[in-house]
file query_2.cif (mmCIF, C-alpha atoms and all ligand atoms)
data_work
loop_
_atom_site.label_atom_id
_atom_site.label_comp_id
_atom_site.auth_asym_id
_atom_site.auth_seq_id
_atom_site.Cartn_x
_atom_site.Cartn_y
_atom_site.Cartn_z
CA MET A 64 164.85 92.02 82.18
CA TYR A 65 161.65 93.96 81.50
CA THR A 66 160.47 97.38 82.65
CA VAL A 67 157.16 97.67 84.46
CA GLY A 68 155.45 98.88 81.25
CA ARG A 69 156.73 95.97 79.19
CA THR A 70 155.86 93.48 81.96
CA SER A 71 152.36 94.87 82.09
CA GLN A 72 152.08 94.47 78.30
CA LEU A 73 153.41 90.89 78.33
CA THR A 74 151.15 89.70 81.13
CA GLY A 75 148.03 91.80 80.55
CA VAL A 76 148.25 92.96 84.20
CA PRO A 77 147.74 96.74 84.53
CA ARG A 78 150.66 98.59 86.17
CA GLU A 79 148.71 99.57 89.30
CA THR A 80 147.52 96.00 89.82
CA LEU A 81 151.03 94.75 89.29
CA ARG A 82 152.35 97.07 91.97
CA LYS A 83 149.56 95.98 94.35
CA TRP A 84 150.28 92.27 93.82
CA GLU A 85 153.94 92.93 94.36
CA GLN A 86 153.55 95.00 97.54
CA ARG A 87 150.60 93.18 99.13
CA TYR A 88 151.33 89.60 98.24
CA GLY A 89 155.02 89.51 97.31
CA VAL A 90 154.28 87.55 94.13
CA VAL A 91 157.29 89.09 92.39
CA GLU A 92 160.40 90.88 93.61
CA PRO A 93 161.79 93.24 90.98
CA VAL A 94 165.41 94.34 90.97
CA ARG A 95 166.32 98.00 90.55
CA SER A 96 168.09 99.43 87.51
CA GLU A 97 170.87 102.00 87.87
CA GLY A 98 168.27 104.74 87.46
CA ASN A 99 166.19 103.04 90.21
CA TYR A 100 163.52 101.64 87.83
CA ARG A 101 161.87 98.32 88.71
CA LEU A 102 162.95 95.45 86.44
CA TYR A 103 161.26 92.04 86.15
CA ASP A 104 162.69 88.75 84.88
CA ASP A 105 161.12 85.91 82.87
CA GLU A 106 160.08 84.02 85.98
CA SER A 107 158.22 87.14 87.22
CA VAL A 108 156.41 87.34 83.87
CA ARG A 109 155.43 83.68 84.22
CA ARG A 110 154.15 84.12 87.79
CA LEU A 111 152.16 87.25 86.96
CA ALA A 112 150.56 85.53 83.95
CA VAL A 113 149.47 82.57 86.09
CA MET A 114 148.17 84.90 88.83
CA ARG A 115 146.24 87.04 86.32
CA ASP A 116 144.70 83.95 84.87
CA LEU A 117 143.61 82.57 88.25
CA VAL A 118 142.08 85.94 89.21
CA ASP A 119 140.27 86.13 85.84
CA SER A 120 138.80 82.72 86.48
CA GLY A 121 137.34 83.84 89.81
CA TRP A 122 140.07 83.25 92.42
CA ALA A 123 140.44 85.90 95.14
CA PRO A 124 143.78 87.70 94.62
CA ARG A 125 145.09 86.55 98.01
CA GLU A 126 144.33 82.90 97.20
CA ALA A 127 145.75 83.21 93.69
CA ALA A 128 148.96 84.71 95.11
CA ARG A 129 149.21 81.88 97.61
CA LYS A 130 148.82 79.33 94.81
CA VAL A 131 151.51 80.99 92.67
CA LEU A 132 153.95 81.16 95.58
CA GLU A 133 153.13 77.65 96.71
CA ASP A 134 153.69 76.33 93.20
CA ARG A 135 157.18 77.60 93.65
CA ALA A 136 157.50 76.17 97.10
CA GLY A 137 155.81 73.08 95.78
CA ALA A 138 153.40 72.53 98.63
CA ILE A 139 149.70 72.79 97.88
CA ALA A 140 148.05 74.19 101.04
CA GLY A 141 146.60 71.54 103.30
CA ASP A 142 147.73 68.91 100.86
CA ALA A 143 151.51 68.98 101.21
CA PRO A 144 153.14 65.60 100.64
CA PRO A 145 154.05 63.97 103.95
CA PRO A 146 157.68 64.41 105.05
CA GLY A 147 159.77 61.58 103.64
CA SER A 148 157.56 61.29 100.55
CA PRO A 149 159.55 61.41 97.28
CA LEU A 150 157.16 64.21 96.24
CA SER A 151 158.58 66.53 98.90
CA HIS A 152 162.10 66.60 97.36
CA LEU A 153 161.67 69.48 94.96
CA ASP A 154 165.34 70.34 94.55
CA GLU A 155 166.43 66.95 93.23
CA LEU A 156 166.21 68.01 89.57
CA VAL A 157 168.33 71.09 90.30
CA THR A 158 170.97 68.98 92.07
CA CYS A 159 171.03 66.48 89.18
CA GLY A 160 171.37 69.38 86.72
CA GLN A 161 174.45 70.47 88.66
CA ASP A 162 176.27 67.17 89.03
CA PHE A 163 175.17 65.39 85.80
CA ASP A 164 174.60 62.20 87.77
CA VAL A 165 172.44 60.18 85.38
CA VAL A 166 172.01 57.24 87.76
CA ARG A 167 170.72 59.50 90.53
CA LEU A 168 168.46 61.35 88.08
CA GLU A 169 166.93 58.20 86.62
CA SER A 170 166.46 56.58 90.00
CA THR A 171 164.81 59.75 91.37
CA LEU A 172 162.36 59.68 88.46
CA ASP A 173 161.71 55.96 88.90
CA LYS A 174 161.10 56.46 92.62
CA VAL A 175 158.52 59.24 92.23
CA PHE A 176 156.72 57.42 89.44
CA ALA A 177 156.60 54.22 91.49
CA GLN A 178 155.39 55.79 94.71
CA ALA A 179 152.63 58.18 93.73
CA ASP A 180 149.60 58.59 91.53
CA LEU A 181 150.55 59.90 88.06
CA ALA A 182 148.45 63.06 88.39
CA ASP A 183 150.09 63.86 91.77
CA VAL A 184 153.55 63.22 90.34
CA VAL A 185 152.90 65.79 87.62
CA ASP A 186 151.13 68.47 89.71
CA GLU A 187 152.83 68.21 93.07
CA TRP A 188 156.35 67.23 92.09
CA LEU A 189 157.24 67.61 88.42
CA MET A 190 155.80 71.07 87.64
CA PRO A 191 157.15 72.78 90.80
CA SER A 192 160.51 71.01 90.35
CA LEU A 193 160.72 72.35 86.78
CA VAL A 194 159.94 75.86 88.03
CA ARG A 195 162.89 75.50 90.42
CA LEU A 196 165.09 74.20 87.63
CA GLY A 197 164.16 77.24 85.52
CA GLU A 198 164.98 79.60 88.39
CA ALA A 199 168.34 77.89 88.97
CA TRP A 200 169.09 78.16 85.27
CA GLN A 201 168.16 81.83 85.23
CA ARG A 202 170.39 82.51 88.27
CA GLY A 203 173.27 80.68 86.60
CA ASP A 204 173.30 77.88 89.23
CA VAL A 205 172.51 75.30 86.54
CA THR A 206 174.11 75.52 83.08
CA VAL A 207 172.23 75.25 79.81
CA ALA A 208 173.70 71.75 79.43
CA GLY A 209 172.59 70.80 82.96
CA GLU A 210 169.03 71.93 82.22
CA HIS A 211 168.98 70.05 78.87
CA PHE A 212 170.37 66.96 80.61
CA VAL A 213 167.52 66.99 83.15
CA SER A 214 164.68 67.87 80.78
CA ALA A 215 165.78 65.17 78.31
CA ALA A 216 165.64 62.57 81.10
CA VAL A 217 162.23 63.81 82.26
CA LEU A 218 160.90 63.58 78.70
CA ARG A 219 162.26 60.02 78.38
CA ARG A 220 160.56 59.00 81.64
CA LEU A 221 157.21 60.59 80.74
CA SER A 222 157.34 58.96 77.29
CA GLN A 223 158.10 55.59 78.83
CA ALA A 224 155.12 55.87 81.21
CA PHE A 225 152.90 57.00 78.31
CA HIS A 226 154.07 54.11 76.15
CA GLN A 227 153.25 51.52 78.79
CA LEU A 228 149.61 52.59 79.13
CA PRO A 229 146.89 50.74 77.21
CA HIS A 230 145.30 52.32 74.12
CA PRO A 231 141.51 52.09 74.50
CA ASP A 232 140.05 51.63 70.98
CA GLU A 233 136.48 52.75 71.58
CA ALA A 234 137.24 55.74 73.81
CA PRO A 235 137.02 59.48 72.97
CA ARG A 236 140.04 60.78 71.11
CA VAL A 237 142.17 63.83 71.96
CA LEU A 238 145.11 65.31 70.04
CA VAL A 239 147.83 66.83 72.24
CA GLY A 240 150.83 68.88 71.12
CA LEU A 241 152.39 72.32 70.70
CA ALA A 242 152.19 75.07 68.10
CA ARG A 243 154.87 76.09 65.61
CA GLY A 244 158.15 77.13 67.28
CA SER A 245 156.98 76.01 70.71
CA ARG A 246 159.32 73.54 72.38
CA HIS A 247 158.38 73.36 76.08
CA GLU A 248 156.62 70.03 75.90
CA LEU A 249 156.97 68.60 79.43
CA GLY A 250 153.66 70.10 80.62
CA VAL A 251 151.65 68.78 77.66
CA MET A 252 153.46 65.43 77.80
CA GLY A 253 152.61 65.08 81.51
CA PHE A 254 149.03 66.02 80.69
CA ALA A 255 148.89 63.48 77.82
CA MET A 256 150.19 60.71 80.08
CA VAL A 257 147.58 61.34 82.78
CA LEU A 258 144.82 61.65 80.17
CA ARG A 259 145.75 58.29 78.64
CA SER A 260 145.90 56.69 82.09
CA ARG A 261 142.24 57.77 82.50
CA GLY A 262 141.05 55.79 79.48
CA VAL A 263 141.17 58.42 76.72
CA GLN A 264 142.69 57.70 73.28
CA VAL A 265 145.54 60.20 73.15
CA THR A 266 147.32 61.03 69.91
CA TYR A 267 150.46 62.84 71.01
CA LEU A 268 151.92 65.08 68.30
CA GLY A 269 154.85 66.59 70.24
CA ALA A 270 156.48 70.00 69.96
CA ASP A 271 156.67 72.61 67.16
CA LEU A 272 153.81 71.55 64.89
CA PRO A 273 153.00 73.97 62.02
CA VAL A 274 149.44 75.20 61.69
CA GLU A 275 148.93 73.41 58.34
CA ALA A 276 149.74 70.10 60.05
CA TRP A 277 147.26 70.83 62.85
CA VAL A 278 144.52 71.58 60.33
CA GLU A 279 145.23 68.49 58.24
CA THR A 280 145.41 66.15 61.26
CA VAL A 281 142.21 67.49 62.80
CA ARG A 282 140.46 66.96 59.44
CA GLU A 283 141.83 63.44 59.09
CA LEU A 284 141.25 62.16 62.64
CA GLY A 285 138.16 64.15 63.73
CA PRO A 286 139.18 64.27 67.44
CA ASP A 287 136.76 65.06 70.26
CA ALA A 288 139.17 67.76 71.44
CA VAL A 289 142.61 69.26 70.84
CA VAL A 290 144.92 70.33 73.68
CA LEU A 291 147.84 72.75 73.24
CA ALA A 292 149.84 74.87 75.69
CA VAL A 293 151.16 78.42 75.90
CA PRO A 294 154.22 78.11 78.14
CA THR A 295 155.84 81.43 77.15
CA VAL A 296 154.79 84.82 75.80
CA GLU A 297 156.65 84.04 72.58
CA ASP A 298 154.23 81.14 71.94
CA LEU A 299 151.17 83.42 71.85
CA PRO A 300 151.10 84.29 68.09
CA ALA A 301 151.54 80.69 66.91
CA VAL A 302 148.93 79.36 69.34
CA ARG A 303 146.49 82.07 68.28
CA GLU A 304 147.04 81.07 64.66
CA ALA A 305 146.47 77.38 65.42
CA VAL A 306 143.36 78.06 67.52
CA GLN A 307 141.87 80.24 64.81
CA ALA A 308 142.50 77.57 62.20
CA ILE A 309 141.06 74.57 64.06
CA SER A 310 138.50 75.86 66.58
CA THR A 311 135.73 75.84 63.96
CA SER A 312 136.19 72.06 63.56
CA THR A 313 136.84 70.90 67.13
CA THR A 314 137.00 71.99 70.78
CA VAL A 315 140.38 73.51 71.60
CA LEU A 316 141.66 73.51 75.19
CA LEU A 317 144.81 75.15 76.55
CA GLY A 318 147.34 74.82 79.36
CA GLY A 319 150.58 76.65 80.24
CA ALA A 320 151.34 79.91 82.00
CA HIS A 321 149.79 82.18 79.32
CA GLN A 322 146.68 80.09 78.52
CA GLY A 323 144.29 82.90 79.56
CA ARG A 324 145.35 85.19 76.74
CA ILE A 325 143.90 83.30 73.77
CA GLU A 326 140.39 83.86 72.43
CA GLY A 327 138.37 80.96 71.07
CA ALA A 328 139.83 78.27 73.31
CA GLU A 329 139.02 77.04 76.79
CA ALA A 330 141.61 77.41 79.55
CA LEU A 331 142.21 74.15 81.40
CA GLY A 332 143.89 75.60 84.50
CA HIS A 333 147.36 75.29 85.93
CA GLN A 334 147.46 71.72 87.19
CA PRO A 335 147.96 69.39 84.22
CA GLY A 336 147.15 66.27 86.27
CA VAL A 337 143.88 67.57 87.69
CA ALA A 338 142.93 69.06 84.29
CA ALA A 339 143.58 65.75 82.47
CA ALA A 340 141.53 63.77 84.99
CA SER A 341 138.59 66.16 84.72
CA LEU A 342 138.73 66.27 80.91
CA ALA A 343 138.69 62.46 80.86
CA ASP A 344 135.59 62.46 83.10
CA ARG A 345 133.92 65.04 80.90
CA LEU A 346 134.61 63.17 77.65
CA THR A 347 133.73 59.72 78.89
CA ALA A 348 130.45 60.98 80.43
CA ARG A 349 129.22 62.17 77.00
C1 LIG A 401 162.90 72.63 80.46
C2 LIG A 401 162.89 74.03 79.88
C3 LIG A 401 163.30 74.20 78.55
C4 LIG A 401 163.61 73.01 77.63
C5 LIG A 401 162.29 72.30 77.27
C6 LIG A 401 162.54 70.83 76.97
C7 LIG A 401 161.27 70.11 76.63
N1 LIG A 401 161.46 69.01 75.91
O1 LIG A 401 160.15 70.49 76.97
C8 LIG A 401 164.30 73.69 76.41
C9 LIG A 401 165.80 73.54 76.52
C10 LIG A 401 163.85 73.23 75.03
C11 LIG A 401 163.95 75.16 76.65
C12 LIG A 401 164.13 76.12 75.68
C13 LIG A 401 163.86 77.46 75.86
N2 LIG A 401 163.48 78.04 77.03
CO1 LIG A 401 162.90 77.07 78.60
N3 LIG A 401 162.47 76.36 80.26
C14 LIG A 401 162.44 75.14 80.67
C15 LIG A 401 161.93 75.08 82.12
C16 LIG A 401 163.09 74.85 83.07
C17 LIG A 401 160.82 74.07 82.36
C18 LIG A 401 159.73 74.16 81.28
C19 LIG A 401 158.51 73.43 81.65
O2 LIG A 401 158.34 72.28 81.29
N4 LIG A 401 157.62 74.07 82.39
C20 LIG A 401 156.37 73.44 82.79
C21 LIG A 401 155.59 74.37 83.67
C22 LIG A 401 156.41 74.55 84.96
O3 LIG A 401 155.33 75.53 82.95
P1 LIG A 401 154.17 76.64 82.95
O4 LIG A 401 154.07 77.10 81.54
O5 LIG A 401 154.47 77.65 83.99
O6 LIG A 401 152.80 75.93 83.26
C23 LIG A 401 152.08 75.92 84.47
C24 LIG A 401 150.65 75.52 84.26
O7 LIG A 401 149.97 76.18 83.25
C25 LIG A 401 150.72 74.04 84.08
N5 LIG A 401 150.87 73.51 82.74
C26 LIG A 401 152.00 73.41 82.02
N6 LIG A 401 151.75 72.79 80.85
C27 LIG A 401 150.45 72.48 80.83
C28 LIG A 401 149.67 71.81 79.88
C29 LIG A 401 148.31 71.62 80.12
C30 LIG A 401 147.49 70.94 79.08
C31 LIG A 401 147.71 72.09 81.34
C32 LIG A 401 146.29 71.90 81.59
C33 LIG A 401 148.51 72.76 82.29
C34 LIG A 401 149.86 72.94 82.03
O8 LIG A 401 151.81 73.66 84.85
C35 LIG A 401 152.59 74.75 85.29
C36 LIG A 401 152.52 74.83 86.79
O9 LIG A 401 151.35 75.44 87.26
C37 LIG A 401 161.28 76.51 82.26
C38 LIG A 401 161.09 77.03 83.68
C39 LIG A 401 159.59 77.23 84.02
N7 LIG A 401 159.31 77.98 85.03
O10 LIG A 401 158.71 76.70 83.37
C40 LIG A 401 162.11 77.33 81.28
C41 LIG A 401 161.45 78.54 80.62
C42 LIG A 401 160.01 78.25 80.26
N8 LIG A 401 162.26 78.69 79.40
C43 LIG A 401 162.52 79.91 79.09
C44 LIG A 401 163.24 80.32 77.95
C45 LIG A 401 163.61 81.79 77.88
C46 LIG A 401 163.62 79.40 76.93
C47 LIG A 401 164.32 79.72 75.59
C48 LIG A 401 163.86 80.98 74.87
C49 LIG A 401 165.83 79.73 75.90
C50 LIG A 401 166.70 80.07 74.72
N9 LIG A 401 167.30 81.24 74.80
O11 LIG A 401 166.82 79.30 73.80
C51 LIG A 401 164.02 78.46 74.75
C52 LIG A 401 162.71 78.57 73.92
C53 LIG A 401 162.30 77.26 73.27
C54 LIG A 401 161.06 77.36 72.45
N10 LIG A 401 161.19 77.79 71.20
O12 LIG A 401 159.97 77.09 72.91
C55 LIG A 401 161.88 80.89 80.09
C56 LIG A 401 160.60 81.48 79.44
C57 LIG A 401 160.39 82.93 79.75
C58 LIG A 401 159.34 83.53 78.86
N11 LIG A 401 159.79 84.15 77.80
O13 LIG A 401 158.16 83.42 79.12
C59 LIG A 401 161.63 79.95 81.34
C60 LIG A 401 160.41 80.37 82.21
C61 LIG A 401 162.91 79.94 82.18
C62 LIG A 401 163.18 81.24 82.90
N12 LIG A 401 162.85 81.31 84.19
O14 LIG A 401 163.66 82.15 82.32
N13 LIG A 401 163.46 75.38 77.91
#
call {"tool": "encode", "arguments": {"input": "query_2.cif", "output": "structure tokens"}}
result
Amino acid sequence: MYTVGRTSQLTGVPRETLRKWEQRYGVVEPVRSEGNYRLYDDESVRRLAVMRDLVDSGWAPREAARKVLEDRAGAIAGDAPPPGSPLSHLDELVTCGQDFDVVRLESTLDKVFAQADLADVVDEWLMPSLVRLGEAWQRGDVTVAGEHFVSAAVLRRLSQAFHQLPHPDEAPRVLVGLARGSRHELGVMGFAMVLRSRGVQVTYLGADLPVEAWVETVRELGPDAVVLAVPTVEDLPAVREAVQAISTSTTVLLGGAHQGRIEGAEALGHQPGVAAASLADRLTAR
């Protein structure tokens, strides 16, 4: 748990603004320490970082707060999946993480992939479901093993969908992966899958890639762009290092909760599916 000062430092949100967002919009709900100090958890840090980033990119605070809370609830305003749609079952991953039912987990994943557009699967179902899984894990409702069990299956399913897509030889090329020490790859993998489905040549490099390997691969392949993510505060130094090392040779774009805190790279926004589709349009229009 973090104090208000530490939370402000980690998210770049000034204390007074933090208090306003908390009281006016209910974006976070701190608990109280024995001495009656406000304490914030990792999920609060994540939400505040996303909110700060949306506000910095021009969203009105009220709208940004709505987006952050809806992400959690999983329904994008005016665009909620119809009742009965597999995209409206946002607690399925939590349930599977509790009962370790691999058949149910795999058939849930197959069902959502079969019944919706890939970008919608990622933005409207997978990302909010993972947020719920993280919250359940933090509360102790899902064990570490349960969370690993679910995220391993999700990674298998995303990889399978990626693998089945065609590789367009003449298309623009994008490298996608994570910086040294960074292991939350489901967001970038979902992004890579949608990008490939839109006709871009995607070279997926996976998690935890050292800066020297980024530099060498950019030099060797000469991509049109590189995409990384900043899912946690702890990823910031390694992403900064990678961006500094490669942004003189290629365009670097970022996703993940803390994407707005890196200089020298362009933030792609908080919906990997929408961001991948618009990057594909941008690159293929060149
Ligand atoms: C699955 C998971 C894991 C798995 C990941 C497996 C894998 N192969 O990817 C494993 C087990 C490896 C893991 C490990 C850890 N995890 Co973890 N994990 C998660 C969980 C449940 C989902 C992660 C995820 O995929 N998120 C995807 C989305 C939801 O993340 P997002 O960054 O908020 O991004 C938003 C957007 O920017 C966008 N987006 C995401 N990616 C991209 C990419 C692009 C290109 C674009 C355009 C947009 C985009 O989508 C999101 C929705 O708007 C989260 C919960 C959560 N809320 O995220 C915790 C979470 C991220 N983990 C957490 C922690 C603490 C850890 C560990 C430190 C635990 C430990 N003690 O070992 C380690 C660190 C590992 C490391 N070195 O990186 C904390 C992070 C808190 C913080 N410090 O910021 C979280 C938030 C859980 C929590 N509530 O406490 N984890």
call {"tool": "residues_around", "arguments": {"input": "query_2.cif", "residues": "A:Trp84", "least_positions_apart": "4", "cutoff": "9 Å", "atoms": "all atoms listed in the file", "output": "PyMOL selection string"}}
result
chain A and resi 79-80+88-91+111+124-125+128
call {"tool": "atom_distance", "arguments": {"input": "query_2.cif", "atom1": "atom P1 of ligand LIG 401 (chain A)", "atom2": "atom CA of A:Trp188"}}
result
13.3 Å
call {"tool": "closest_atom_pairs", "arguments": {"input": "query_2.cif", "of": "stretch 116-199 of chain A", "to": "stretch 92-110 of chain A", "cutoff": "8 Å", "atoms": "only C-alpha atoms", "output": "tab-separated table"}}
result
residue	atom	partner	partner_atom	distance
A:Val131	CA	A:Arg110	CA	6.4
A:Gly197	CA	A:Glu106	CA	7.9
A:Glu198	CA	A:Glu106	CA	7.0
call {"tool": "residues_around", "arguments": {"input": "query_2.cif", "residues": "A:Gly269", "least_positions_apart": "3", "cutoff": "9 Å", "atoms": "all atoms listed in the file", "output": "VMD selection string"}}
result
chain A and resid 239 to 241 246 248 251 to 252 272
call {"tool": "residues_around", "arguments": {"input": "query_2.cif", "residues": "A:Asp183", "least_positions_apart": "4", "cutoff": "7 Å", "atoms": "all atoms listed in the file", "output": "list in words"}}
result
Ala179, Glu187 and Gly336 of chain A
call {"tool": "write_last_selection", "arguments": {"input": "query_2.cif", "atoms": "C-alpha atoms", "output": "PDB file, in the coordinates of the input"}}
result
ATOM      1  CA  ALA A 179     152.630  58.180  93.730  1.00  0.00           C
ATOM      2  CA  GLU A 187     152.830  68.210  93.070  1.00  0.00           C
ATOM      3  CA  GLY A 336     147.150  66.270  86.270  1.00  0.00           C
TER       4      GLY A 336
END
call {"tool": "closest_residue", "arguments": {"input": "query_2.cif", "among": "A:Arg282, A:Arg324, A:His333, A:Arg259", "to": "A:Ala308", "atoms": "all atoms listed in the file"}}
result
A:Arg282
call {"tool": "closest_residue", "arguments": {"input": "query_2.cif", "among": "A:Glu304, A:Glu85, A:Asp116, A:Glu275", "to": "ligand LIG 401 (chain A)", "atoms": "all atoms listed in the file"}}
result
A:Asp116
call {"tool": "atom_distance", "arguments": {"input": "query_2.cif", "atom1": "atom C17 of ligand LIG 401 (chain A)", "atom2": "atom CA of A:Val175"}}
result
18.0 Å
call {"tool": "atom_distance", "arguments": {"input": "query_2.cif", "atom1": "atom CA of A:Ala343", "atom2": "atom CA of A:Val302"}}
result
22.9 Å
call {"tool": "closest_residue", "arguments": {"input": "query_2.cif", "among": "A:Gly323, A:Gly250, A:Pro77, A:Gly68", "to": "A:Val194", "atoms": "all atoms listed in the file"}}
result
A:Gly250
call {"tool": "residues_around", "arguments": {"input": "query_2.cif", "residues": "A:Thr347", "least_positions_apart": "4", "cutoff": "9 Å", "atoms": "all atoms listed in the file", "output": "list of chain:residue names"}}
result
A:Ala234, A:Pro235, A:Gly262, A:Val263, A:Leu342, A:Ala343
call {"tool": "write_last_selection", "arguments": {"input": "query_2.cif", "atoms": "C-alpha atoms", "output": "mmCIF file, in the frame of the given file"}}
result
data_model
loop_
_atom_site.group_PDB
_atom_site.id
_atom_site.type_symbol
_atom_site.label_atom_id
_atom_site.label_comp_id
_atom_site.auth_asym_id
_atom_site.auth_seq_id
_atom_site.Cartn_x
_atom_site.Cartn_y
_atom_site.Cartn_z
ATOM 1 C CA ALA A 234 137.240 55.740 73.810
ATOM 2 C CA PRO A 235 137.020 59.480 72.970
ATOM 3 C CA GLY A 262 141.050 55.790 79.480
ATOM 4 C CA VAL A 263 141.170 58.420 76.720
ATOM 5 C CA LEU A 342 138.730 66.270 80.910
ATOM 6 C CA ALA A 343 138.690 62.460 80.860
#
call {"tool": "axis_aligned_box", "arguments": {"input": "query_2.cif", "around": "ligand LIG 401 (chain A)", "padding_each_side": "8 Å", "output": "AutoDock Vina command-line options"}}
result
--center_x 156.8 --center_y 76.6 --center_z 79.2 --size_x 37.0 --size_y 31.1 --size_z 32.1
call {"tool": "residues_around", "arguments": {"input": "query_2.cif", "residues": "A:Ala127", "least_positions_apart": "5", "cutoff": "8 Å", "atoms": "all atoms listed in the file", "output": "ChimeraX atom specification"}}
result
/A:114,117-118,122
call {"tool": "write_last_selection", "arguments": {"input": "query_2.cif", "atoms": "C-alpha atoms", "output": "PDB file, in the frame of the given file"}}
result
ATOM      1  CA  MET A 114     148.170  84.900  88.830  1.00  0.00           C
ATOM      2  CA  LEU A 117     143.610  82.570  88.250  1.00  0.00           C
ATOM      3  CA  VAL A 118     142.080  85.940  89.210  1.00  0.00           C
ATOM      4  CA  TRP A 122     140.070  83.250  92.420  1.00  0.00           C
TER       5      TRP A 122
END
call {"tool": "closest_residue", "arguments": {"input": "query_2.cif", "among": "A:Ala348, A:Ala339, A:Val157, A:Val113", "to": "A:Ala199", "atoms": "only C-alpha atoms"}}
result
A:Val157
call {"tool": "closest_residue", "arguments": {"input": "query_2.cif", "among": "A:Asp186, A:Asp154, A:Asp173, A:Asp162", "to": "A:Val257", "atoms": "all atoms listed in the file"}}
result
A:Asp186
call {"tool": "closest_residue", "arguments": {"input": "query_2.cif", "among": "A:Ala338, A:Ala305, A:Val293, A:Leu193", "to": "A:His321", "atoms": "all atoms listed in the file"}}
result
A:Val293
call {"tool": "closest_atom_pairs", "arguments": {"input": "query_2.cif", "of": "stretch 165-194 of chain A", "to": "stretch 209-217 of chain A", "cutoff": "8 Å", "atoms": "all atoms listed in the file", "output": "JSON lines"}}
result
{"residue": "A:Leu168", "atom": "CA", "partner": "A:Val213", "partner_atom": "CA", "distance": 7.5}
{"residue": "A:Glu169", "atom": "CA", "partner": "A:Ala216", "partner_atom": "CA", "distance": 7.2}
{"residue": "A:Leu172", "atom": "CA", "partner": "A:Val217", "partner_atom": "CA", "distance": 7.5}
call {"tool": "decode", "arguments": {"input": "query_2.cif", "residues": "stretch 252-266 of chain A", "atoms": "N, CA and C atoms", "output": "short mmCIF file (atom, residue, chain, number, x, y, z; two decimals), in the first residue's frame"}}
result
data_model
loop_
_atom_site.label_atom_id
_atom_site.label_comp_id
_atom_site.auth_asym_id
_atom_site.auth_seq_id
_atom_site.Cartn_x
_atom_site.Cartn_y
_atom_site.Cartn_z
N MET A 252 0.66 -8.54 -26.73
CA MET A 252 0.35 -9.69 -27.60
C MET A 252 -1.00 -9.50 -28.29
N GLY A 253 -1.98 -8.99 -27.51
CA GLY A 253 -3.31 -8.70 -28.10
C GLY A 253 -3.17 -7.65 -29.19
N PHE A 254 -2.37 -6.64 -28.91
CA PHE A 254 -2.12 -5.57 -29.88
C PHE A 254 -1.48 -6.16 -31.15
N ALA A 255 -0.46 -7.01 -30.96
CA ALA A 255 0.27 -7.60 -32.10
C ALA A 255 -0.68 -8.43 -32.97
N MET A 256 -1.56 -9.16 -32.32
CA MET A 256 -2.51 -10.00 -33.06
C MET A 256 -3.45 -9.14 -33.93
N VAL A 257 -3.99 -8.07 -33.34
CA VAL A 257 -4.90 -7.23 -34.11
C VAL A 257 -4.13 -6.53 -35.25
N LEU A 258 -2.90 -6.09 -34.95
CA LEU A 258 -2.11 -5.40 -35.97
C LEU A 258 -1.85 -6.33 -37.17
N ARG A 259 -1.51 -7.57 -36.87
CA ARG A 259 -1.25 -8.54 -37.95
C ARG A 259 -2.54 -8.82 -38.74
N SER A 260 -3.66 -8.87 -38.02
CA SER A 260 -4.93 -9.13 -38.72
C SER A 260 -5.29 -7.99 -39.66
N ARG A 261 -4.66 -6.81 -39.48
CA ARG A 261 -4.92 -5.66 -40.35
C ARG A 261 -3.85 -5.51 -41.42
N GLY A 262 -3.12 -6.57 -41.72
CA GLY A 262 -2.23 -6.57 -42.87
C GLY A 262 -0.84 -6.01 -42.64
N VAL A 263 -0.42 -5.87 -41.38
CA VAL A 263 0.94 -5.38 -41.10
C VAL A 263 1.84 -6.58 -40.84
N GLN A 264 3.12 -6.49 -41.26
CA GLN A 264 4.10 -7.54 -40.92
C GLN A 264 4.53 -7.32 -39.48
N VAL A 265 4.15 -8.22 -38.59
CA VAL A 265 4.49 -8.03 -37.18
C VAL A 265 5.58 -9.01 -36.76
N THR A 266 6.67 -8.47 -36.22
CA THR A 266 7.71 -9.32 -35.66
C THR A 266 7.56 -9.23 -34.15
#
